[in-house]
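Peer 1: I am sharing start_2.txt, which consists of compact mmCIF, C-alpha atoms:
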```
# COMPACT_ATOMS: atom_id res chain seq x y z
CA MET A 1 4.64 30.36 -45.11
CA ARG A 2 7.92 32.25 -45.33
CA PRO A 3 11.10 30.21 -46.04
CA SER A 4 12.63 31.03 -42.60
CA LYS A 5 9.53 29.68 -40.83
CA ILE A 6 9.63 26.51 -42.93
CA ARG A 7 13.30 26.03 -42.00
CA PHE A 8 12.52 26.60 -38.32
CA LEU A 9 9.65 24.07 -38.44
CA GLY A 10 11.88 21.56 -40.19
CA PHE A 11 14.63 22.05 -37.58
CA SER A 12 12.07 21.57 -34.76
CA LEU A 13 10.82 18.34 -36.33
CA VAL A 14 14.38 17.02 -36.60
CA LEU A 15 14.95 17.91 -32.92
CA LEU A 16 11.69 16.26 -31.96
CA VAL A 17 12.42 13.01 -33.81
CA PHE A 18 16.06 12.68 -32.78
CA GLY A 19 15.41 14.09 -29.32
CA ALA A 20 12.80 11.41 -28.66
CA CYS A 21 15.01 8.44 -29.42
CA GLY A 22 18.40 10.01 -28.79
CA SER A 23 19.31 12.11 -25.78
CA LEU A 24 15.82 11.81 -24.22
CA LEU A 25 16.37 8.16 -23.39
CA ASN A 26 20.11 7.96 -23.80
CA LEU A 27 19.86 5.43 -26.64
CA GLU A 28 22.99 6.71 -28.43
CA ASP A 29 24.81 3.39 -28.22
CA PHE A 30 21.77 1.49 -29.55
CA HIS A 31 21.16 0.72 -33.19
CA ARG A 32 17.74 0.42 -34.77
CA VAL A 33 16.68 -3.06 -35.89
CA PRO A 34 14.15 -3.42 -38.71
CA ILE A 35 10.83 -5.03 -37.74
CA GLN A 36 10.22 -8.09 -39.95
CA LYS A 37 6.71 -8.94 -38.74
CA GLU A 38 4.10 -7.68 -36.29
CA THR A 39 5.77 -7.72 -32.84
CA PHE A 40 4.38 -7.23 -29.33
CA ALA A 41 6.09 -6.08 -26.13
CA LEU A 42 5.13 -8.38 -23.26
CA ASN A 43 5.17 -7.62 -19.54
CA PRO A 44 4.79 -11.04 -17.87
CA TYR A 45 4.85 -9.88 -14.25
CA PHE A 46 1.17 -9.08 -13.68
CA SER A 47 -0.34 -11.03 -16.56
CA GLU A 48 -1.77 -14.16 -14.87
CA THR A 49 -5.53 -13.87 -14.35
CA GLY A 50 -6.55 -14.66 -10.77
CA GLU A 51 -3.06 -14.37 -9.30
CA THR A 52 -2.58 -11.96 -6.38
CA HIS A 53 0.59 -10.00 -5.70
CA VAL A 54 1.35 -8.49 -2.30
CA TYR A 55 4.20 -6.02 -1.90
CA ASN A 56 5.49 -4.00 1.02
CA ALA A 57 5.08 -0.43 -0.26
CA GLU A 58 6.82 2.85 0.46
CA ILE A 59 5.48 5.97 -1.24
CA SER A 60 7.56 9.13 -1.14
CA VAL A 61 5.82 12.28 -2.38
CA TYR A 62 7.49 15.70 -2.08
CA GLY A 63 9.46 14.61 1.01
CA LYS A 64 6.56 12.86 2.75
CA ASN A 65 6.75 9.10 3.20
CA PHE A 66 3.90 6.61 3.52
CA SER A 67 4.41 2.92 4.26
CA GLY A 68 1.94 0.13 3.78
CA THR A 69 0.98 -2.77 1.57
CA PHE A 70 0.31 -2.83 -2.18
CA VAL A 71 -2.06 -5.52 -3.47
CA HIS A 72 -2.68 -6.33 -7.14
CA LYS A 73 -4.91 -8.87 -8.82
CA LYS A 74 -5.73 -9.37 -12.48
CA MET A 75 -9.49 -10.00 -12.31
CA ASN A 76 -10.05 -11.16 -15.93
CA ASP A 77 -8.55 -10.72 -19.41
CA THR A 78 -8.76 -6.94 -19.24
CA LEU A 79 -9.71 -5.76 -15.75
CA GLN A 80 -7.14 -5.23 -12.98
CA ARG A 81 -7.55 -4.32 -9.33
CA ALA A 82 -4.99 -2.52 -7.17
CA ALA A 83 -5.20 -1.46 -3.53
CA PHE A 84 -2.95 0.35 -1.09
CA LEU A 85 -3.37 -0.51 2.61
CA SER A 86 -2.00 1.23 5.69
CA GLY A 87 0.35 -0.61 8.08
CA PHE A 88 -2.71 -1.38 10.21
CA GLY A 89 -4.40 -3.02 7.23
CA ASN A 90 -7.16 -0.55 6.47
CA THR A 91 -7.72 0.34 2.82
CA LEU A 92 -6.44 3.76 1.77
CA LEU A 93 -7.03 3.32 -1.96
CA ASP A 94 -8.83 0.67 -4.02
CA LEU A 95 -8.95 0.94 -7.83
CA SER A 96 -10.32 -1.11 -10.71
CA PHE A 97 -8.83 -0.29 -14.10
CA ASN A 98 -8.13 -1.42 -17.62
CA LYS A 99 -6.37 0.19 -20.60
CA ASP A 100 -8.80 3.08 -20.95
CA TYR A 101 -11.10 3.06 -17.95
CA PHE A 102 -10.81 3.24 -14.18
CA LYS A 103 -13.12 3.22 -11.18
CA LEU A 104 -12.18 4.41 -7.69
CA ASN A 105 -13.78 1.80 -5.43
CA TYR A 106 -12.57 3.59 -2.29
CA GLY A 107 -10.16 6.36 -1.40
CA ILE A 108 -9.55 8.14 1.90
CA LYS A 109 -10.07 11.88 1.59
CA GLU A 110 -6.33 12.62 1.58
CA ILE A 111 -5.94 10.48 -1.58
CA ASP A 112 -9.33 11.06 -3.21
CA LYS A 113 -8.13 13.94 -5.37
CA LYS A 114 -8.38 13.75 -9.15
CA TYR A 115 -4.70 14.44 -9.93
CA ILE A 116 -3.46 11.93 -7.32
CA VAL A 117 -5.83 9.17 -8.42
CA THR A 118 -5.18 9.67 -12.16
CA THR A 119 -1.39 9.73 -11.58
CA LEU A 120 -1.55 6.46 -9.61
CA VAL A 121 -3.84 4.84 -12.20
CA GLU A 122 -1.39 5.81 -14.97
CA ASP A 123 1.52 4.40 -12.91
CA PHE A 124 -0.27 1.10 -12.22
CA ARG A 125 -1.25 0.83 -15.90
CA LEU A 126 2.34 1.40 -16.99
CA MET A 127 3.59 -1.21 -14.52
CA THR A 128 1.00 -3.89 -15.31
CA ILE A 129 -0.35 -3.67 -18.88
CA PRO A 130 0.68 -7.06 -20.28
CA VAL A 131 0.97 -6.39 -24.02
CA ARG A 132 1.55 -3.50 -26.42
CA LYS A 133 2.24 -3.44 -30.16
CA VAL A 134 5.84 -2.58 -31.02
CA ALA A 135 6.58 0.38 -33.32
CA GLU A 136 10.40 0.32 -33.29
CA ILE A 137 13.18 -1.94 -32.00
CA TYR A 138 16.66 -0.89 -30.79
CA GLU A 139 19.56 -3.02 -29.58
CA ASN A 140 22.98 -2.70 -28.04
CA PRO A 141 25.23 -5.59 -26.90
CA THR A 142 23.35 -6.04 -23.58
CA LYS A 143 19.84 -4.59 -23.99
CA LYS A 144 16.94 -4.81 -26.42
CA VAL A 145 14.49 -1.91 -26.42
CA LEU A 146 10.97 -2.14 -27.81
CA LYS A 147 9.31 1.20 -28.46
CA THR A 148 5.51 1.25 -28.35
CA ALA A 149 3.14 4.13 -29.09
CA THR A 150 0.39 5.01 -26.60
CA GLY A 151 -1.41 7.75 -28.53
CA LYS A 152 -0.15 10.50 -26.19
CA GLY A 153 3.48 9.41 -26.25
CA PHE A 154 5.59 6.27 -26.03
CA VAL A 155 6.43 3.41 -23.69
CA TYR A 156 9.89 1.86 -24.04
CA TYR A 157 10.43 -1.72 -22.84
CA PHE A 158 14.04 -2.53 -21.85
CA PHE A 159 14.92 -6.24 -21.90
CA ASP A 160 18.18 -7.68 -20.59
CA LYS A 161 19.51 -9.77 -23.49
CA LYS A 162 21.27 -12.34 -21.30
CA THR A 163 18.32 -13.14 -19.00
CA GLN A 164 15.62 -11.99 -21.48
CA ARG A 165 13.88 -10.34 -18.54
CA LEU A 166 12.00 -7.07 -18.73
CA VAL A 167 14.08 -4.80 -16.47
CA LYS A 168 12.79 -1.30 -17.17
CA LEU A 169 9.83 0.59 -18.63
CA VAL A 170 10.04 4.24 -19.59
CA LYS A 171 6.99 6.31 -20.42
CA THR A 172 7.53 9.51 -22.40
CA SER A 173 5.37 12.24 -23.85
CA ALA A 174 6.36 13.33 -27.37
CA ARG A 175 9.21 15.38 -25.87
CA LYS A 176 9.79 14.47 -22.24
CA LYS A 177 10.65 11.47 -20.14
CA LYS A 178 7.73 11.10 -17.68
CA VAL A 179 7.96 7.92 -15.59
CA SER A 180 10.38 4.98 -15.26
CA VAL A 181 9.60 1.59 -13.73
CA TYR A 182 12.52 -0.61 -12.65
CA PHE A 183 12.18 -4.37 -12.05
CA SER A 184 15.00 -6.02 -10.08
CA ASN A 185 16.02 -8.50 -7.35
CA PHE A 186 14.43 -11.46 -9.13
CA ASN A 187 13.07 -14.57 -7.45
CA GLY A 188 12.75 -16.99 -10.37
CA GLU A 189 10.94 -14.94 -12.97
CA ARG A 190 9.37 -12.56 -10.40
CA PRO A 191 10.77 -9.15 -9.56
CA ARG A 192 10.93 -8.80 -5.76
CA THR A 193 11.72 -5.12 -6.09
CA ILE A 194 9.84 -2.65 -8.26
CA LYS A 195 10.52 1.06 -8.26
CA ILE A 196 8.34 3.65 -9.98
CA ALA A 197 10.10 7.01 -10.36
CA HIS A 198 8.59 10.17 -11.83
CA HIS A 199 10.87 12.56 -13.69
CA GLY A 200 8.70 15.69 -13.39
CA LEU A 201 7.13 15.06 -9.97
CA LYS A 202 8.86 14.23 -6.70
CA LEU A 203 6.97 10.96 -6.47
CA THR A 204 8.59 7.55 -5.97
CA ILE A 205 6.82 4.27 -5.25
CA SER A 206 9.00 1.40 -3.98
CA LEU A 207 7.53 -2.10 -3.82
CA ASN A 208 9.26 -5.05 -2.15
CA ALA A 209 7.95 -8.60 -2.09
CA LYS A 210 8.88 -11.60 0.02
CA PRO A 211 9.33 -14.89 -1.88
CA LYS A 212 6.03 -16.21 -0.56
CA ALA A 213 4.07 -12.99 -0.70
CA TYR A 214 1.58 -14.31 -3.24
CA VAL A 215 -1.51 -15.11 -1.20
CA ASP A 216 -3.73 -16.89 -3.74
CA MET B 1 -26.75 -9.15 27.63
CA LEU B 2 -28.90 -8.03 30.52
CA PRO B 3 -28.42 -4.41 31.75
CA GLU B 4 -26.82 -5.61 35.00
CA GLU B 5 -24.45 -7.91 33.07
CA ILE B 6 -23.43 -4.97 30.85
CA ALA B 7 -22.91 -2.76 33.92
CA HIS B 8 -20.78 -5.43 35.60
CA PHE B 9 -18.74 -6.01 32.43
CA LYS B 10 -18.12 -2.25 31.97
CA THR B 11 -17.07 -1.88 35.63
CA GLU B 12 -14.59 -4.74 35.30
CA ILE B 13 -13.11 -3.25 32.09
CA ALA B 14 -12.99 0.30 33.57
CA GLN B 15 -11.19 -0.98 36.68
CA ARG B 16 -8.56 -2.71 34.54
CA THR B 17 -8.19 0.38 32.31
CA THR B 18 -7.57 2.59 35.37
CA ASN B 19 -4.95 0.22 36.76
CA LEU B 20 -3.26 -0.45 33.43
CA LYS B 21 0.38 0.70 33.42
CA THR B 22 1.79 -1.53 30.67
CA LEU B 23 0.47 -4.10 28.24
CA SER B 24 2.40 -6.25 25.79
CA GLY B 25 1.80 -9.33 23.72
CA GLU B 26 1.67 -10.88 20.29
CA PHE B 27 -0.75 -10.10 17.49
CA LEU B 28 -1.93 -11.65 14.25
CA GLN B 29 -3.48 -9.25 11.74
CA LYS B 30 -5.73 -10.63 8.97
CA LYS B 31 -6.99 -8.36 6.24
CA HIS B 32 -10.02 -9.63 4.34
CA MET B 33 -10.79 -8.17 0.92
CA ALA B 34 -13.76 -9.49 -1.05
CA PHE B 35 -11.77 -9.70 -4.30
CA LEU B 36 -9.05 -11.91 -2.76
CA GLN B 37 -9.41 -15.65 -2.08
CA ASN B 38 -7.21 -15.55 1.03
CA ASP B 39 -6.70 -12.99 3.76
CA ILE B 40 -3.44 -11.03 3.87
CA GLU B 41 -1.73 -11.96 7.15
CA SER B 42 0.92 -10.18 9.17
CA SER B 43 2.08 -10.70 12.73
CA GLY B 44 4.38 -9.39 15.43
CA ARG B 45 4.55 -7.99 18.95
CA PHE B 46 3.22 -4.82 20.53
CA TYR B 47 4.27 -2.86 23.64
CA PHE B 48 2.07 -0.27 25.34
CA VAL B 49 3.02 2.01 28.25
CA ALA B 50 0.22 4.19 29.67
CA PRO B 51 -0.88 6.75 28.83
CA ASP B 52 0.04 6.79 25.14
CA LYS B 53 3.41 5.23 24.28
CA ILE B 54 3.12 2.26 21.91
CA LYS B 55 5.25 0.20 19.56
CA TRP B 56 3.89 -2.11 16.88
CA ALA B 57 6.69 -4.42 15.73
CA TYR B 58 5.61 -6.46 12.70
CA ALA B 59 7.97 -9.39 12.08
CA ASN B 60 6.14 -11.28 9.31
CA PRO B 61 6.05 -11.15 6.36
CA TYR B 62 7.91 -7.80 6.62
CA ARG B 63 9.95 -6.20 9.38
CA TYR B 64 8.07 -3.00 10.02
CA SER B 65 8.01 -1.09 13.31
CA VAL B 66 5.98 1.95 14.19
CA ILE B 67 6.40 3.80 17.50
CA PHE B 68 4.09 6.53 18.79
CA LYS B 69 5.65 8.64 21.54
CA ASN B 70 6.11 12.30 22.55
CA GLY B 71 3.94 13.62 19.71
CA LYS B 72 6.01 11.84 17.06
CA ILE B 73 5.69 8.71 14.91
CA PHE B 74 8.91 6.74 14.32
CA ILE B 75 8.80 4.22 11.47
CA ASP B 76 11.33 1.56 10.50
CA ASN B 77 10.25 -0.12 7.27
CA GLU B 78 12.76 -2.94 6.56
CA GLY B 79 15.61 -0.64 7.68
CA GLU B 80 14.21 2.53 6.05
CA LYS B 81 13.72 4.89 9.01
CA ASN B 82 11.42 7.91 9.18
CA THR B 83 10.18 10.30 11.83
CA ILE B 84 6.87 12.10 11.37
CA ASP B 85 5.14 14.71 13.55
CA ILE B 86 1.82 13.25 14.64
CA GLY B 87 0.12 16.44 13.38
CA LYS B 88 1.38 15.61 9.88
CA ASN B 89 -0.10 12.13 9.81
CA LYS B 90 -3.43 12.49 11.55
CA LEU B 91 -4.79 9.37 9.88
CA LEU B 92 -2.10 7.07 11.29
CA ASP B 93 -2.52 8.74 14.69
CA LYS B 94 -6.31 8.26 14.55
CA LEU B 95 -5.95 4.59 13.57
CA ASN B 96 -3.41 3.99 16.33
CA LYS B 97 -5.65 5.64 18.96
CA LEU B 98 -8.63 3.56 17.82
CA ILE B 99 -6.67 0.34 18.18
CA VAL B 100 -4.92 1.31 21.45
CA ASN B 101 -8.21 2.37 23.03
CA SER B 102 -9.73 -0.90 21.83
CA ILE B 103 -7.00 -2.90 23.53
CA ASN B 104 -7.04 -0.99 26.81
CA GLY B 105 -10.83 -0.80 26.99
CA LYS B 106 -11.13 3.01 26.81
CA MET B 107 -13.29 2.77 23.69
CA LEU B 108 -16.19 1.53 25.81
CA GLU B 109 -16.19 4.91 27.60
CA SER B 110 -16.19 6.90 24.34
CA ASN B 111 -19.14 9.04 23.26
CA ASP B 112 -18.11 8.71 19.61
CA PHE B 113 -19.80 5.32 19.27
CA LYS B 114 -23.20 3.74 19.75
CA ILE B 115 -22.33 0.49 21.57
CA MET B 116 -24.24 -2.79 21.72
CA TYR B 117 -23.15 -5.65 23.97
CA HIS B 118 -23.68 -9.39 23.69
CA GLN B 119 -21.89 -12.57 24.69
CA ASN B 120 -21.32 -16.20 23.79
CA ALA B 121 -19.87 -19.05 25.88
CA ASP B 122 -16.28 -17.70 25.77
CA TYR B 123 -16.41 -14.00 24.98
CA PHE B 124 -18.02 -10.65 25.73
CA ILE B 125 -18.60 -8.84 22.45
CA ALA B 126 -19.04 -5.08 21.98
CA ASN B 127 -20.27 -3.78 18.61
CA LEU B 128 -19.31 -0.13 18.22
CA LEU B 129 -21.06 1.96 15.56
CA PRO B 130 -19.15 5.22 14.94
CA THR B 131 -21.07 8.50 15.15
CA ASP B 132 -18.01 10.68 14.35
CA PRO B 133 -18.08 11.37 10.55
CA VAL B 134 -14.26 11.16 10.29
CA VAL B 135 -14.24 7.64 11.79
CA LEU B 136 -17.37 6.70 9.83
CA LYS B 137 -15.55 7.37 6.54
CA LEU B 138 -12.93 4.78 7.62
CA PHE B 139 -15.02 2.17 9.48
CA LYS B 140 -18.72 1.38 9.57
CA GLU B 141 -18.32 -0.84 12.63
CA ILE B 142 -15.67 -1.87 15.18
CA VAL B 143 -16.19 -5.15 17.01
CA LEU B 144 -14.27 -5.80 20.24
CA THR B 145 -14.13 -9.29 21.72
CA PHE B 146 -12.98 -9.79 25.34
CA ASP B 147 -12.07 -13.06 27.02
CA LYS B 148 -14.66 -13.96 29.67
CA THR B 149 -12.11 -15.45 32.04
CA ASP B 150 -9.82 -12.41 32.45
CA TYR B 151 -11.54 -9.55 30.53
CA LYS B 152 -8.48 -9.24 28.27
CA ILE B 153 -8.91 -8.21 24.63
CA HIS B 154 -9.11 -11.21 22.29
CA ARG B 155 -9.87 -9.61 18.94
CA VAL B 156 -10.41 -6.20 17.32
CA LYS B 157 -12.38 -6.27 14.05
CA LEU B 158 -12.41 -3.09 11.98
CA VAL B 159 -15.13 -3.19 9.30
CA GLU B 160 -14.69 -0.75 6.43
CA PRO B 161 -17.53 0.97 4.49
CA SER B 162 -17.02 -1.59 1.67
CA ASP B 163 -17.51 -4.52 4.14
CA ASP B 164 -13.83 -5.47 3.77
CA TYR B 165 -12.33 -5.81 7.24
CA THR B 166 -9.18 -6.25 9.32
CA GLN B 167 -9.13 -8.62 12.30
CA ILE B 168 -6.35 -8.32 14.88
CA TYR B 169 -6.05 -11.27 17.28
CA PHE B 170 -4.11 -10.79 20.53
CA THR B 171 -2.30 -13.56 22.41
CA LYS B 172 0.23 -13.97 25.25
CA LEU B 173 -0.91 -10.68 26.81
CA LYS B 174 1.08 -9.45 29.81
CA THR B 175 -0.38 -6.73 32.01
CA ASN B 176 1.76 -4.33 34.09
CA ALA B 177 5.02 -6.22 33.44
CA PRO B 178 8.05 -3.88 33.19
CA ILE B 179 8.89 -2.74 29.63
CA GLU B 180 12.40 -1.40 28.99
CA ASP B 181 12.52 2.13 27.59
CA SER B 182 14.91 0.89 24.88
CA VAL B 183 11.93 -0.89 23.28
CA PHE B 184 10.70 2.54 22.15
CA ARG B 185 13.90 3.40 20.29
CA LEU B 186 14.45 2.40 16.66
```
Is it possible to express this structure as structure tokens?
Peer 2:
Amino acid sequence: MRPSKIRFLGFSLVLLVFGACGSLLNLEDFHRVPIQKETFALNPYFSETGETHVYNAEISVYGKNFSGTFVHKKMNDTLQRAAFLSGFGNTLLDLSFNKDYFKLNYGIKEIDKKYIVTTLVEDFRLMTIPVRKVAEIYENPTKKVLKTATGKGFVYYFFDKKTQRLVKLVKTSARKKKVSVYFSNFNGERPRTIKIAHHGLKLTISLNAKPKAYVD
Amino acid sequence: MLPEEIAHFKTEIAQRTTNLKTLSGEFLQKKHMAFLQNDIESSGRFYFVAPDKIKWAYANPYRYSVIFKNGKIFIDNEGEKNTIDIGKNKLLDKLNKLIVNSINGKMLESNDFKIMYHQNADYFIANLLPTDPVVLKLFKEIVLTFDKTDYKIHRVKLVEPSDDYTQIYFTKLKTNAPIEDSVFRL
């Protein structure tokens, strides 16, 4: 390899490494904290087996809006179930999934398209997977960020230091920010409002729960 | 039911359908899913003006209103308002028509269903099996229950291909009472 190509490759690697944890996620004011022992990032919001969550849902995709109900239940240690119902109650989408598998139990023909189903599965996984091993830790005065590797990219967990609550998840590829999930409007330790926003697609999913929206 | 009982029941329903100008009342919607221990419940009021103007106003657990009028669907989801051309949301339009025609009795005149009738002490029951493939993908059966005393709709049950189902119970029904036009504005 010629020296100029080696230099170019080295420069690209530097961009890649600093790009991923610098400007990509705007972590400039964070400092890296050494990991002393094996650490895991925990998402407590969908982690109780047998508990059902019901949210009022609004999906906005390329200017089109769909309203309905989002239902989630953790079936056992690994398997989760998620469904989206129309305002009239009929099922539009019903999925079973775990970390690396999913099954479409039912989908109306407008939704039963591979790219739509896989995008929604990835979003629900990001929002619900209860535990991931931490690769790096960053902190600033108000937030603690746990960086986890997914194989294809990274998921960053943002915790509010004061409340210790998980307030944001950001999924990235090696180079690009892909999806953010925001948890807010807490009722006890439950987020009443969850927003999933895509950075490359015009797709937003807004979920809103009432205090007593847990049916089981 | 005997053939003459079915004929009498259909005549009574058809007469009411022809004379129906407005219908309003309360509803309780219960969604049953096999993987949940309890049904998901929602409730509110509905307003129908013949031939095809309707408002579903859910009050619990969420404030969600959907109005179908003049070829458009108006939605207010907890203050978030949207207007959709009916042509752009054929599914919602289809669902609405199925439910409206269930309430006003028009479904019993439809050729898109194979219909079986039976009765118990309090209700006439019509089991509708869809023959239209578009409806069949959504529902394997629709069960309509009418009160024997006044032939008013008591319950619409929409059974999905998975056997999960939605039941909508109707109460405090008022027929041909005036409904202000302002009801159909968000």
Peer 1: Rounded to one decimal, what separation in Å do you get between CA of His118 (chain B) and CA of Glu4 (chain B)?
Peer 2: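 Between CA of His118 (chain B) and CA of Glu4 (chain B) the gap is 12.3 Å.
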Peer 1: Just need the residues of chain A within 8 Å of chain B, counting all atoms listed in the file, so spit them out as a PyMOL selection string.
Peer 2: chain A and resi 52+56+65+67+73+88-91+106+108+210+213+215-216
Peer 1: CA of Thr204 (chain A) and CA of Gly68 (chain A), how far apart in Å?
Peer 2: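 Computing it gives 13.9 Å between the two atoms.
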Peer 1: Counting all atoms listed in the file, figure out which residue out of A:Leu207, A:Leu169, A:Ile196, A:Leu42 gets nearest to Thr119 (chain A).
Peer 2: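 Closest to Thr119 (chain A), using all atoms listed in the file: A:Ile196.
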Peer 1: I'd like to know which of A:Phe66, A:Phe84, A:Phe46, A:Phe40 is closest to Glu136 (chain A), using only C-alpha atoms.
Peer 2: A:Phe40
Peer 1: Which neighbours of Ala149 (chain A) fall inside 9 Å, counting all atoms listed in the file, when residues of the same chain fewer than 5 positions from it are skipped, and could you give them as a count of residues only?
Peer 2: 7
Peer 1: Excluding same-chain residues fewer than 4 positions from Val170 (chain A), what lies within 8 Å of it counting all atoms listed in the file, as a count of residues only?
Peer 2: 8
Peer 1: Could the centre and edge lengths of an axis-aligned box, enclosing all atoms of region 126-132 of chain A in the file with 6 Å extra on each side, be given in Å to one decimal as JSON?
Peer 2:
```
{"center_x": 1.6, "center_y": -2.8, "center_z": -20.5, "size_x": 15.9, "size_y": 20.5, "size_z": 23.9}
```
Peer 1: CA of Ile142 (chain B) to CA of Phe124 (chain B): how many Å, to one decimal?
Peer 2: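 Computed distance, CA of Ile142 (chain B) to CA of Phe124 (chain B), equals 13.9 Å.
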Peer 1: My list of candidates is A:Lys114, A:Lys37, A:Arg81, A:Lys99. Which is closest to Ile129 (chain A) when distances are computed with all atoms listed in the file?
Peer 2: A:Lys99
Peer 1: Measuring between only C-alpha atoms, which one of A:Asn76, A:Thr128, A:Thr118, A:Gln36 shows the shortest distance to Phe183 (chain A)?
Peer 2: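 Selected residue with least distance to Phe183 (chain A): A:Thr128.
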Peer 1: Could you give me, as number ranges by chain, the residues that have an atom at most 10 Å away from the point (-5.8, -8.2, -13.1) in the coordinates of the file, using all atoms listed in the file?
Peer 2: A: 46-53, 72-82, 96-98, 128-130
Peer 1: Can you write out the residues you just picked, keeping C-alpha atoms, as a CSV table (one decimal), in the coordinates of the input?
Peer 2:
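The resulting file, result_33.csv, is shown below:
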```
chain,number,residue,atom,x,y,z
A,46,PHE,CA,1.2,-9.1,-13.7
A,47,SER,CA,-0.3,-11.0,-16.6
A,48,GLU,CA,-1.8,-14.2,-14.9
A,49,THR,CA,-5.5,-13.9,-14.4
A,50,GLY,CA,-6.6,-14.7,-10.8
A,51,GLU,CA,-3.1,-14.4,-9.3
A,52,THR,CA,-2.6,-12.0,-6.4
A,53,HIS,CA,0.6,-10.0,-5.7
A,72,HIS,CA,-2.7,-6.3,-7.1
A,73,LYS,CA,-4.9,-8.9,-8.8
A,74,LYS,CA,-5.7,-9.4,-12.5
A,75,MET,CA,-9.5,-10.0,-12.3
A,76,ASN,CA,-10.0,-11.2,-15.9
A,77,ASP,CA,-8.6,-10.7,-19.4
A,78,THR,CA,-8.8,-6.9,-19.2
A,79,LEU,CA,-9.7,-5.8,-15.8
A,80,GLN,CA,-7.1,-5.2,-13.0
A,81,ARG,CA,-7.6,-4.3,-9.3
A,82,ALA,CA,-5.0,-2.5,-7.2
A,96,SER,CA,-10.3,-1.1,-10.7
A,97,PHE,CA,-8.8,-0.3,-14.1
A,98,ASN,CA,-8.1,-1.4,-17.6
A,128,THR,CA,1.0,-3.9,-15.3
A,129,ILE,CA,-0.4,-3.7,-18.9
A,130,PRO,CA,0.7,-7.1,-20.3
```
Peer 1: Taking (11.7, -1.4, -9.4) in the file's own coordinates, collect the residues within 6 Å, counting all atoms listed in the file, and hand them back as a ChimeraX atom specification.
Peer 2: /A:181-184,193-195
Peer 1: If we count all atoms listed in the file, what is near Met107 (chain B) at a cut-off of 8 Å, once residues fewer than 5 positions away on the same chain are taken out, given as a ChimeraX atom specification?
Peer 2: /B:98,101-102
